[in-house]
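Shown here: coords-v3.txt, compact mmCIF, C-alpha atoms.
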```txt
# COMPACT_ATOMS: atom_id res chain seq x y z
CA MET P 1 178.40 91.26 134.36
CA LYS P 2 175.37 92.67 136.16
CA LYS P 3 174.66 94.82 133.11
CA LEU P 4 174.77 91.72 130.88
CA ILE P 5 172.36 89.84 133.20
CA ALA P 6 170.03 92.83 133.34
CA ALA P 7 170.11 93.22 129.57
CA SER P 8 169.40 89.52 129.12
CA ALA P 9 166.48 89.71 131.56
CA ILE P 10 165.02 92.70 129.72
CA ALA P 11 165.43 90.88 126.40
CA LEU P 12 163.65 87.81 127.78
CA LEU P 13 160.89 90.01 129.22
CA ILE P 14 160.39 91.75 125.89
CA ALA P 15 160.44 88.42 124.06
CA GLY P 16 157.93 87.02 126.55
CA HIS P 17 155.56 89.96 125.99
CA ALA P 18 155.96 89.62 122.24
CA ALA P 19 155.21 85.91 122.39
CA ALA P 20 152.16 86.44 124.60
CA SER P 21 150.94 89.19 122.30
CA SER P 22 151.25 86.92 119.25
CA ILE P 23 149.28 84.18 121.02
CA ASN P 24 146.50 86.60 121.95
CA ILE P 25 146.32 87.92 118.41
CA ALA P 26 146.22 84.42 116.99
CA HIS P 27 143.57 83.39 119.51
CA SER P 28 141.53 86.49 118.76
CA ALA P 29 141.71 85.83 115.03
CA ALA P 30 140.58 82.24 115.57
CA ALA P 31 137.86 83.12 118.10
CA PRO P 32 134.42 82.00 116.85
CA LEU P 33 131.96 84.60 115.66
CA ALA P 34 128.76 85.15 117.61
CA LEU P 35 125.37 84.99 115.89
CA LYS P 36 122.40 87.24 116.69
CA VAL P 37 118.88 87.06 115.27
CA ASP P 38 116.52 89.97 115.90
CA GLY P 39 118.84 91.23 118.62
CA GLN P 40 119.25 87.97 120.54
CA ALA P 41 122.25 85.62 120.62
CA VAL P 42 121.50 82.17 119.17
CA LEU P 43 123.21 78.88 118.30
CA PRO P 44 126.54 79.36 120.11
CA GLN P 45 127.41 75.72 119.33
CA VAL P 46 127.42 76.36 115.56
CA PRO P 47 129.05 79.77 115.09
CA PRO P 48 129.46 81.53 111.72
CA PHE P 49 132.89 81.53 110.07
CA HIS P 50 134.79 82.81 107.05
CA SER P 51 136.04 80.56 104.25
CA ASN P 52 137.89 81.90 101.21
CA GLY P 53 136.63 85.38 101.99
CA ILE P 54 132.98 84.23 102.21
CA LEU P 55 130.98 84.62 105.43
CA TYR P 56 129.02 81.47 106.28
CA VAL P 57 126.14 80.98 108.72
CA PRO P 58 124.58 77.69 109.89
CA ALA P 59 121.48 76.58 108.00
CA LEU P 60 119.95 75.98 111.44
CA ALA P 61 119.73 79.77 111.79
CA LEU P 62 116.79 79.72 109.35
CA LYS P 63 114.64 77.97 111.96
CA GLU P 64 115.27 80.81 114.39
CA PHE P 65 113.14 83.26 112.42
CA TYR P 66 111.63 81.65 109.32
CA PRO P 67 108.65 79.27 108.82
CA ILE P 68 110.76 76.41 107.48
CA GLN P 69 111.63 72.76 108.08
CA LEU P 70 115.10 71.27 107.55
CA GLN P 71 115.66 67.60 106.67
CA TRP P 72 119.07 65.99 106.12
CA ASN P 73 119.40 62.99 103.77
CA ASN P 74 122.49 61.15 104.96
CA VAL P 75 122.51 58.84 101.92
CA LEU P 76 122.41 61.58 99.29
CA LYS P 77 124.22 64.06 101.56
CA GLN P 78 121.63 66.73 100.84
CA LEU P 79 119.66 69.21 102.95
CA THR P 80 116.03 69.93 102.03
CA LEU P 81 114.45 73.23 103.06
CA THR P 82 110.65 73.01 103.12
CA THR P 83 108.19 75.90 103.42
CA GLY P 84 104.46 76.08 102.78
CA TRP P 85 105.05 76.95 99.14
CA ASP P 86 108.25 75.22 97.95
CA THR P 87 111.16 72.92 98.71
CA LYS P 88 114.82 73.70 98.09
CA VAL P 89 117.52 71.03 97.97
CA LEU P 90 121.07 72.05 98.92
CA THR P 91 124.14 69.89 98.33
CA PRO P 92 127.40 70.55 100.23
CA GLY P 93 130.23 71.30 97.82
CA SER P 94 127.84 72.90 95.31
CA SER P 95 126.18 76.30 94.98
CA SER P 96 123.35 74.88 92.90
CA ILE P 97 119.88 74.45 94.45
CA GLN P 98 116.86 72.61 93.10
CA VAL P 99 113.58 74.42 93.77
CA ARG P 100 110.21 72.67 93.51
CA TYR P 101 106.80 74.24 94.16
CA THR P 102 104.59 72.45 96.67
CA GLN P 103 101.22 74.05 95.88
CA THR P 104 101.52 74.05 92.08
CA ASP P 105 103.41 72.09 89.48
CA GLY P 106 106.83 73.23 88.41
CA SER P 107 110.47 73.40 89.43
CA TYR P 108 113.63 75.23 88.46
CA GLN P 109 117.36 75.36 89.10
CA ASP P 110 118.87 78.24 91.04
CA SER P 111 122.19 78.99 92.71
CA LEU P 112 123.53 80.53 95.90
CA GLU P 113 126.26 83.15 96.15
CA ALA P 114 128.84 80.45 96.98
CA THR P 115 129.08 76.72 97.63
CA VAL P 116 127.35 75.05 100.56
CA ILE P 117 129.72 73.67 103.23
CA LEU P 118 129.34 70.66 105.53
CA LYS P 119 131.42 71.21 108.67
CA ALA P 120 131.44 69.19 111.90
CA GLY P 121 128.10 67.62 111.02
CA HIS P 122 126.36 70.92 110.26
CA VAL P 123 125.42 72.52 106.95
CA TYR P 124 126.53 76.11 106.39
CA ILE P 125 125.30 78.49 103.71
CA PRO P 126 126.70 81.81 102.44
CA ALA P 127 125.39 84.64 104.60
CA ASP P 128 124.58 86.71 101.52
CA SER P 129 122.18 83.98 100.36
CA LEU P 130 119.84 84.53 103.33
CA ASN P 131 118.27 87.45 101.50
CA SER P 132 117.31 85.42 98.42
CA LEU P 133 116.20 82.48 100.58
CA THR P 134 114.19 84.34 103.23
CA GLY P 135 114.33 88.10 102.64
CA ALA P 136 116.56 88.57 105.70
CA THR P 137 119.64 90.78 105.75
CA THR P 138 122.97 89.77 107.28
CA GLU P 139 125.62 92.12 108.63
CA LEU P 140 129.01 91.65 110.24
CA GLU P 141 129.07 94.18 113.06
CA SER P 142 131.94 96.63 113.38
CA GLY P 143 134.78 94.88 115.14
CA GLY P 144 134.06 91.71 113.22
CA THR P 145 132.96 89.59 116.18
CA ARG P 146 129.20 89.28 115.67
CA VAL P 147 127.01 88.38 112.73
CA VAL P 148 123.58 90.01 112.90
CA ILE P 149 120.56 88.64 111.02
CA THR P 150 117.57 90.93 110.61
CA PRO P 151 114.49 89.02 109.37
CA GLY P 152 112.56 90.33 106.38
CA SER P 153 108.81 90.81 105.97
CA LEU P 154 108.16 87.09 106.47
CA SER P 155 109.31 86.13 109.95
CA THR P 156 108.13 84.04 112.87
CA THR P 157 110.51 85.44 115.44
CA VAL P 158 108.98 85.91 118.87
CA ARG P 159 111.90 87.87 120.24
CA VAL P 160 111.84 91.51 121.22
CA PRO P 161 113.72 93.41 118.50
CA ALA P 162 116.64 95.49 119.69
CA GLU P 163 114.92 98.63 118.39
CA PRO P 164 111.32 99.53 119.28
CA LEU P 165 108.76 100.27 116.60
CA VAL P 166 107.99 103.61 118.23
CA VAL P 167 108.92 105.68 121.30
CA ALA P 168 106.43 108.07 122.91
CA GLY P 169 107.26 111.70 122.19
CA GLY P 170 108.94 113.30 125.18
CA HIS P 171 109.02 109.99 127.08
CA ALA P 172 112.07 107.94 126.11
CA LYS P 173 111.17 105.13 128.54
CA VAL P 174 107.80 104.41 126.91
CA LYS P 175 108.30 102.06 123.96
CA LEU P 176 106.37 99.66 121.75
CA TYR P 177 107.93 96.49 120.27
CA ALA P 178 106.60 93.91 117.84
CA ALA P 179 106.49 90.53 119.61
CA LEU P 180 105.63 88.31 116.65
CA LYS P 181 106.00 89.01 112.94
CA ASP P 182 104.11 86.71 110.59
CA GLY P 183 104.42 87.72 106.96
CA ASN P 184 102.89 91.17 106.55
CA THR P 185 101.19 90.99 109.94
CA TYR P 186 102.22 91.89 113.47
CA LYS P 187 100.73 89.31 115.82
CA GLY P 188 101.32 90.58 119.32
CA PHE P 189 103.16 93.53 120.83
CA ILE P 190 105.25 94.28 123.89
CA LEU P 191 104.71 97.55 125.70
CA GLU P 192 107.55 98.90 127.84
CA VAL P 193 107.02 101.61 130.44
CA ASN P 194 109.87 102.73 132.69
CA GLY P 195 111.74 99.45 132.26
CA LYS P 196 108.75 97.14 132.81
CA LYS P 197 107.26 95.14 129.95
CA HIS P 198 103.95 93.47 129.17
CA SER P 199 102.61 91.57 126.16
CA PHE P 200 99.36 92.30 124.32
CA ASP P 201 97.80 90.16 121.58
CA TRP P 202 96.91 93.04 119.24
CA THR P 203 97.05 92.01 115.57
CA VAL P 204 97.58 94.55 112.78
CA ASP P 205 99.06 94.69 109.30
CA ARG P 206 102.69 95.76 108.95
CA ASP P 207 102.17 99.15 107.29
CA PHE P 208 105.66 100.65 107.07
CA SER P 209 104.32 103.93 105.65
CA ASN P 210 101.99 104.35 108.66
CA PRO P 211 103.84 103.13 111.77
CA PRO P 212 102.11 102.92 115.17
CA GLN P 213 101.76 106.09 117.24
CA LEU P 214 102.48 106.14 120.97
CA PHE P 215 101.37 108.70 123.57
CA TYR P 216 101.94 108.94 127.32
CA ALA P 217 99.44 111.20 129.07
CA ASP P 218 96.72 111.13 131.72
CA VAL P 219 93.71 110.78 129.42
CA ASP P 220 91.24 109.66 132.13
CA SER P 221 92.11 112.44 134.61
CA ASP P 222 93.00 110.10 137.49
CA GLY P 223 96.37 111.74 138.11
CA LYS P 224 98.37 108.91 136.50
CA PRO P 225 99.46 108.80 132.84
CA GLU P 226 98.13 106.12 130.51
CA VAL P 227 99.74 104.73 127.37
CA THR P 228 97.73 105.30 124.21
CA VAL P 229 98.60 103.22 121.14
CA VAL P 230 97.19 104.09 117.72
CA PHE P 231 97.42 101.63 114.82
CA THR P 232 96.57 102.40 111.19
CA LEU P 233 94.64 99.38 109.92
CA GLY P 234 94.15 100.52 106.35
CA THR P 235 94.25 103.43 103.92
CA GLY P 236 92.87 104.06 100.47
CA THR P 237 90.92 106.55 98.40
CA SER P 238 88.78 108.47 100.91
CA LEU P 239 89.53 105.78 103.50
CA VAL P 240 91.63 105.78 106.68
CA VAL P 241 90.93 103.21 109.38
CA GLN P 242 92.65 103.49 112.75
CA GLU P 243 92.40 101.55 116.01
CA VAL P 244 93.14 102.88 119.49
CA HIS P 245 94.22 101.14 122.70
CA VAL P 246 94.57 102.82 126.10
CA VAL P 247 96.52 100.99 128.81
CA LYS P 248 97.03 101.74 132.51
CA PRO P 249 100.64 100.58 133.01
CA GLU P 250 100.37 100.12 136.80
CA GLN P 251 98.12 97.07 136.31
CA TRP P 252 98.69 96.61 132.54
CA LYS P 253 94.93 97.00 132.24
CA GLU P 254 93.45 98.01 128.89
CA LEU P 255 90.61 100.50 129.15
CA SER P 256 87.45 100.22 127.08
CA VAL P 257 87.32 102.87 124.34
CA PRO P 258 84.38 103.05 121.90
CA ALA P 259 85.50 103.43 118.29
CA ALA P 260 85.06 106.97 116.98
CA GLU P 261 82.54 106.01 114.29
CA GLN P 262 80.44 104.06 116.81
CA ALA P 263 80.53 106.82 119.41
CA ALA P 264 79.62 109.43 116.79
CA SER P 265 76.84 107.35 115.22
CA ALA P 266 75.22 106.97 118.65
CA VAL P 267 74.72 110.73 119.07
CA VAL P 268 74.53 112.06 115.49
CA SER P 269 71.42 111.72 113.33
CA SER P 270 71.11 112.94 109.76
CA SER P 271 68.67 113.21 106.90
CA ILE P 272 69.11 114.03 103.22
CA SER P 273 66.33 115.48 101.08
CA LEU P 274 65.83 117.35 97.81
CA ASP P 275 64.73 120.99 97.80
CA LYS P 276 64.09 122.16 94.25
CA LYS P 277 67.55 122.22 92.64
CA ASP P 278 69.43 121.74 95.88
CA VAL P 279 70.23 118.91 98.27
CA LEU P 280 69.62 119.48 101.98
CA LEU P 281 71.69 117.69 104.61
CA LYS P 282 70.39 118.10 108.15
CA LEU P 283 72.45 117.06 111.16
CA GLU P 284 71.45 116.83 114.81
CA LEU P 285 74.18 116.32 117.41
CA LYS P 286 73.17 115.24 120.90
CA GLY P 287 75.33 115.18 124.00
CA ALA P 288 76.74 117.76 126.39
CA THR P 289 76.36 120.60 123.87
CA PRO P 290 73.52 119.69 121.45
CA SER P 291 73.51 121.41 118.08
CA LYS P 292 71.82 121.34 114.70
CA VAL P 293 73.44 121.98 111.33
CA THR P 294 71.87 122.35 107.88
CA ILE P 295 74.00 122.15 104.75
CA ARG P 296 72.51 123.20 101.41
CA ILE P 297 74.40 121.70 98.48
CA PRO P 298 73.41 123.84 95.47
CA ASP P 299 72.37 122.55 92.06
CA ARG P 300 72.85 118.87 92.89
CA ALA P 301 69.23 117.68 93.11
CA GLU P 302 69.50 116.14 89.66
CA ASP P 303 71.92 113.55 91.09
CA GLY P 304 69.00 112.30 93.17
CA LEU P 305 68.74 110.40 96.43
CA LYS P 306 69.86 107.25 94.67
CA TYR P 307 73.32 108.81 94.62
CA PHE P 308 73.25 110.80 97.87
CA GLY P 309 71.29 108.30 99.95
CA LYS P 310 68.90 109.25 102.75
CA THR P 311 71.47 109.68 105.53
CA ALA P 312 75.11 110.71 105.79
CA GLY P 313 77.90 108.21 106.29
CA ILE P 314 80.17 108.39 109.33
CA GLY P 315 83.68 107.06 109.86
CA ALA P 316 85.24 106.43 106.45
CA VAL P 317 88.27 108.49 107.50
CA THR P 318 89.23 108.38 111.19
CA TYR P 319 92.28 109.71 113.02
CA TYR P 320 93.08 109.45 116.75
CA SER P 321 95.47 111.66 118.70
CA VAL P 322 96.28 112.81 122.23
CA LYS P 323 96.60 116.51 122.97
CA ASP P 324 96.68 118.40 126.27
CA GLY P 325 95.87 115.22 128.18
CA LYS P 326 92.79 114.43 126.08
CA LEU P 327 92.11 111.52 123.73
CA LEU P 328 90.72 113.04 120.54
CA ALA P 329 89.29 111.62 117.34
CA ASP P 330 88.43 113.13 113.97
CA THR P 331 86.02 111.09 111.86
CA SER P 332 84.56 112.04 108.51
CA LEU P 333 80.96 112.77 107.58
CA MET P 334 80.23 111.94 103.94
CA VAL P 335 77.39 111.93 101.43
CA GLY P 336 77.15 110.07 98.17
CA MET P 337 80.07 107.81 97.39
CA THR P 338 83.07 109.80 98.60
CA GLU P 339 81.98 113.42 99.13
CA SER P 340 83.15 114.60 102.54
CA MET P 341 81.11 117.42 104.05
CA GLY P 342 83.29 117.90 107.10
CA THR P 343 84.66 116.33 110.26
CA LEU P 344 83.04 115.17 113.47
CA LYS P 345 85.50 116.06 116.23
CA LEU P 346 85.28 113.91 119.35
CA GLU P 347 86.78 114.35 122.80
CA TYR P 348 86.80 111.40 125.20
CA LYS P 349 86.45 111.49 128.98
CA ALA P 350 86.62 109.01 131.85
CA GLY P 351 83.60 106.71 132.11
CA THR P 352 82.44 103.95 134.42
CA ALA P 353 84.26 101.16 132.55
CA GLY P 354 86.95 103.07 130.71
CA LEU P 355 86.67 106.04 128.38
CA GLU P 356 83.48 107.34 126.81
CA LEU P 357 82.42 110.18 124.55
CA GLY P 358 82.68 113.52 126.32
CA SER P 359 81.78 116.00 123.58
CA ILE P 360 81.31 116.15 119.81
CA ILE P 361 81.10 119.00 117.31
CA PHE P 362 80.79 119.21 113.54
CA GLU P 363 83.39 121.21 111.62
CA PRO P 364 82.74 121.76 107.89
CA HIS P 365 85.59 121.83 105.40
CA ASP P 366 86.73 125.14 103.98
CA SER P 367 85.12 124.08 100.71
CA THR P 368 81.73 123.28 102.33
CA GLN P 369 81.61 126.09 104.89
CA GLN P 370 79.79 128.28 102.34
CA PHE P 371 76.95 125.72 102.16
CA VAL P 372 76.17 125.83 105.90
CA GLU P 373 72.95 127.73 106.53
CA LYS P 374 73.13 130.37 109.22
```
Take the structure from the file and write it as structure tokens.
Amino acid sequence: MKKLIAASAIALLIAGHAAASSINIAHSAAAPLALKVDGQAVLPQVPPFHSNGILYVPALALKEFYPIQLQWNNVLKQLTLTTGWDTKVLTPGSSSIQVRYTQTDGSYQDSLEATVILKAGHVYIPADSLNSLTGATTELESGGTRVVITPGSLSTTVRVPAEPLVVAGGHAKVKLYAALKDGNTYKGFILEVNGKKHSFDWTVDRDFSNPPQLFYADVDSDGKPEVTVVFTLGTGTSLVVQEVHVVKPEQWKELSVPAAEQAASAVVSSSISLDKKDVLLKLELKGATPSKVTIRIPDRAEDGLKYFGKTAGIGAVTYYSVKDGKLLADTSLMVGMTESMGTLKLEYKAGTAGLELGSIIFEPHDSTQQFVEK
């Protein structure tokens, strides 16, 4: 009898565990998905869901990262999406959308990847349609509990992305984030040093082929490392424009740094003249180690001063870097339209109000070294 009671108890216990397990599984399957935009959880009251194998996200999610207005017409049961360049009309129960330009005449009919759904007073759209609507990408994270939206090139998100734009080499705790993305422009950045963060209103183009550079070194020789940020503002034929920022993270104070072309122009003078068949370029560099350089360009006098000009140009191509605790800059010295004679190499040092030019030398190219007069 005791064996029968014990067996019955075990059977009930097993059945109880099985029942509880089924409830947990069912609850887990029905648990709402979480939504993240640019690394931050949003809109918990209107979670994404699956319907007929299609992942849906709330249309409200568009306002979290995109320059758009949403307007619901309760009579026509339609949702209008308005941007600065067009309007799109969505109708629940249909995948068709009517697109009308706002700045020019014209309209056309388009369609989403699946039908629009109206659920509990909120409009939901297929997650895959976010890319065609806004350029964003949508991903269901492994485990299937979170839907992640990553905005495209046009975004107004002011959140800190989960991943930094750049991490300083050898210093994993020094990071740079984009604070605001507006079209093809970064408007504002967040600098993180050893877990502490601060915002800066630097504005640069989003050049994916030339990402920001980040250095962490004591460039003003005060015994404490500074953060140096280098942005590439533009590139082209015989053109590279960079911008440098140096920050003391203890006070989040940005130090004054003269641009390389300005610092070089203040201490370098030049003259161009014709000498029979040749062109003479004379340079005089002032500063801690003054020097003079004469470059004789053979058989080019016929091009004349109208082409070469009377002085050399400085700064068409500029690169900044940090090496051995020094902020360095290389900026070009050119004649004519795009003929580079060599590089002015600058080294910065601590000054009264920030950094200032410490030394400068001229280094000819391999191709122009032969023209330098001894």
For range 99-106 of chain P, work out the shell of residues within 10 Å, counting all atoms listed in the file and skipping chain neighbours fewer than 6 positions away, then give it as a VMD selection string. chain P and resid 80 to 90
Excluding Leu283 in chain P and residues on its chain fewer than 3 positions from it, collect all residues at most 8 Å away from it, counting all atoms listed in the file, and give them as a list of chain:residue names. P:Val268, P:Ser269, P:Ser270, P:Ser271, P:Lys292, P:Val293, P:Thr294
May I have the residues at most 8 Å from (105.7, 100.9, 119.2) in the file's coordinates, counting all atoms listed in the file, as an NGL selection string? :P and (164-167 or 175-178 or 189 or 191 or 211-214 or 229)
Have a look at P:Val148, P:Val322, P:Ala316, P:Ala31 and name the one nearest to Met337 in chain P; count all atoms listed in the file. P:Ala316
For range 124-131 of chain P, please output as an MDAnalysis selection string all residues within 6 Å (counting only C-alpha atoms; exclusion window: fewer than 2 positions along the same chain). chainID P and resid 55:59 112:113 116:117 133:137
Just how far from CA of Gly53 in chain P is CA of Lys36 in chain P, in Å to one decimal?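 Separation of CA of Lys36 in chain P and CA of Gly53 in chain P: 20.5 Å.
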With all atoms listed in the file as the atoms that count, which of P:Thr318, P:Pro290, P:Ile297, P:Gly223 lies nearest to Thr235 in chain P?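 Comparing P:Thr318, P:Pro290, P:Ile297, P:Gly223 against Thr235 in chain P, the winner is P:Thr318.
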Around (70.1, 116.8, 91.1) in the file's frame, which residues reach within 8 Å when counting only C-alpha atoms? Return as a ChimeraX atom specification? /P:274,277-279,299-304
Take the residues from that selection and write them out as a short mmCIF file (atom, residue, chain, number, x, y, z; two decimals), in the coordinates of the input, keeping C-alpha atoms.
```cif
data_model
loop_
_atom_site.label_atom_id
_atom_site.label_comp_id
_atom_site.auth_asym_id
_atom_site.auth_seq_id
_atom_site.Cartn_x
_atom_site.Cartn_y
_atom_site.Cartn_z
CA LEU P 274 65.83 117.35 97.81
CA LYS P 277 67.55 122.22 92.64
CA ASP P 278 69.43 121.74 95.88
CA VAL P 279 70.23 118.91 98.27
CA ASP P 299 72.37 122.55 92.06
CA ARG P 300 72.85 118.87 92.89
CA ALA P 301 69.23 117.68 93.11
CA GLU P 302 69.50 116.14 89.66
CA ASP P 303 71.92 113.55 91.09
CA GLY P 304 69.00 112.30 93.17
#
```
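Of the listed residues (P:Asn210, P:Thr343, P:Gln109, P:Gln251), P:Asn210 comes nearest to Gly234 in chain P; the distances count only C-alpha atoms.
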Would you mind reading off the distance between CA of Lys326 in chain P and CA of Ile314 in chain P, one decimal, in Å?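 So the two atoms, CA of Lys326 in chain P and CA of Ile314 in chain P, lie 21.8 Å apart.
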Can you work out the spacing between CA of Leu33 in chain P and CA of Gln71 in chain P in Å, to one decimal? 25.2 Å
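Distances to Lys349 in chain P were evaluated for P:Gly315, P:Gly93, P:Pro298, P:Pro258 using only C-alpha atoms, and the minimum falls at P:Pro258.
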Could you give me, as a list of chain:residue names, the residues within 12 Å of Glu363 in chain P, counting all atoms listed in the file and dropping anything in the same chain fewer than 3 positions from it?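 What passes the distance filter is P:Leu283, P:Leu285, P:Ser291, P:Lys292, P:Val293, P:Ile295, P:Asp330, P:Thr331, P:Ser332, P:Leu333, P:Ser340, P:Met341, P:Gly342, P:Thr343, P:Leu344, P:Lys345, P:Leu346, P:Ile360, P:Asp366, P:Ser367, P:Thr368, P:Gln369, P:Val372.
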Top pick for closest residue to Ala179 in chain P, considering P:Asp38, P:Glu356, P:Asp220, P:Asp275 and counting all atoms listed in the file: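 When distances to Ala179 in chain P are compared using all atoms listed in the file, the smallest one comes from P:Asp38.
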Identify, on the basis of only C-alpha atoms, every residue whose closest approach to Val257 in chain P does not exceed 9 Å; exclude the query and any residue fewer than 6 positions from it along the same chain; express the result as an MDAnalysis selection string. chainID P and resid 244:246 348 353:357
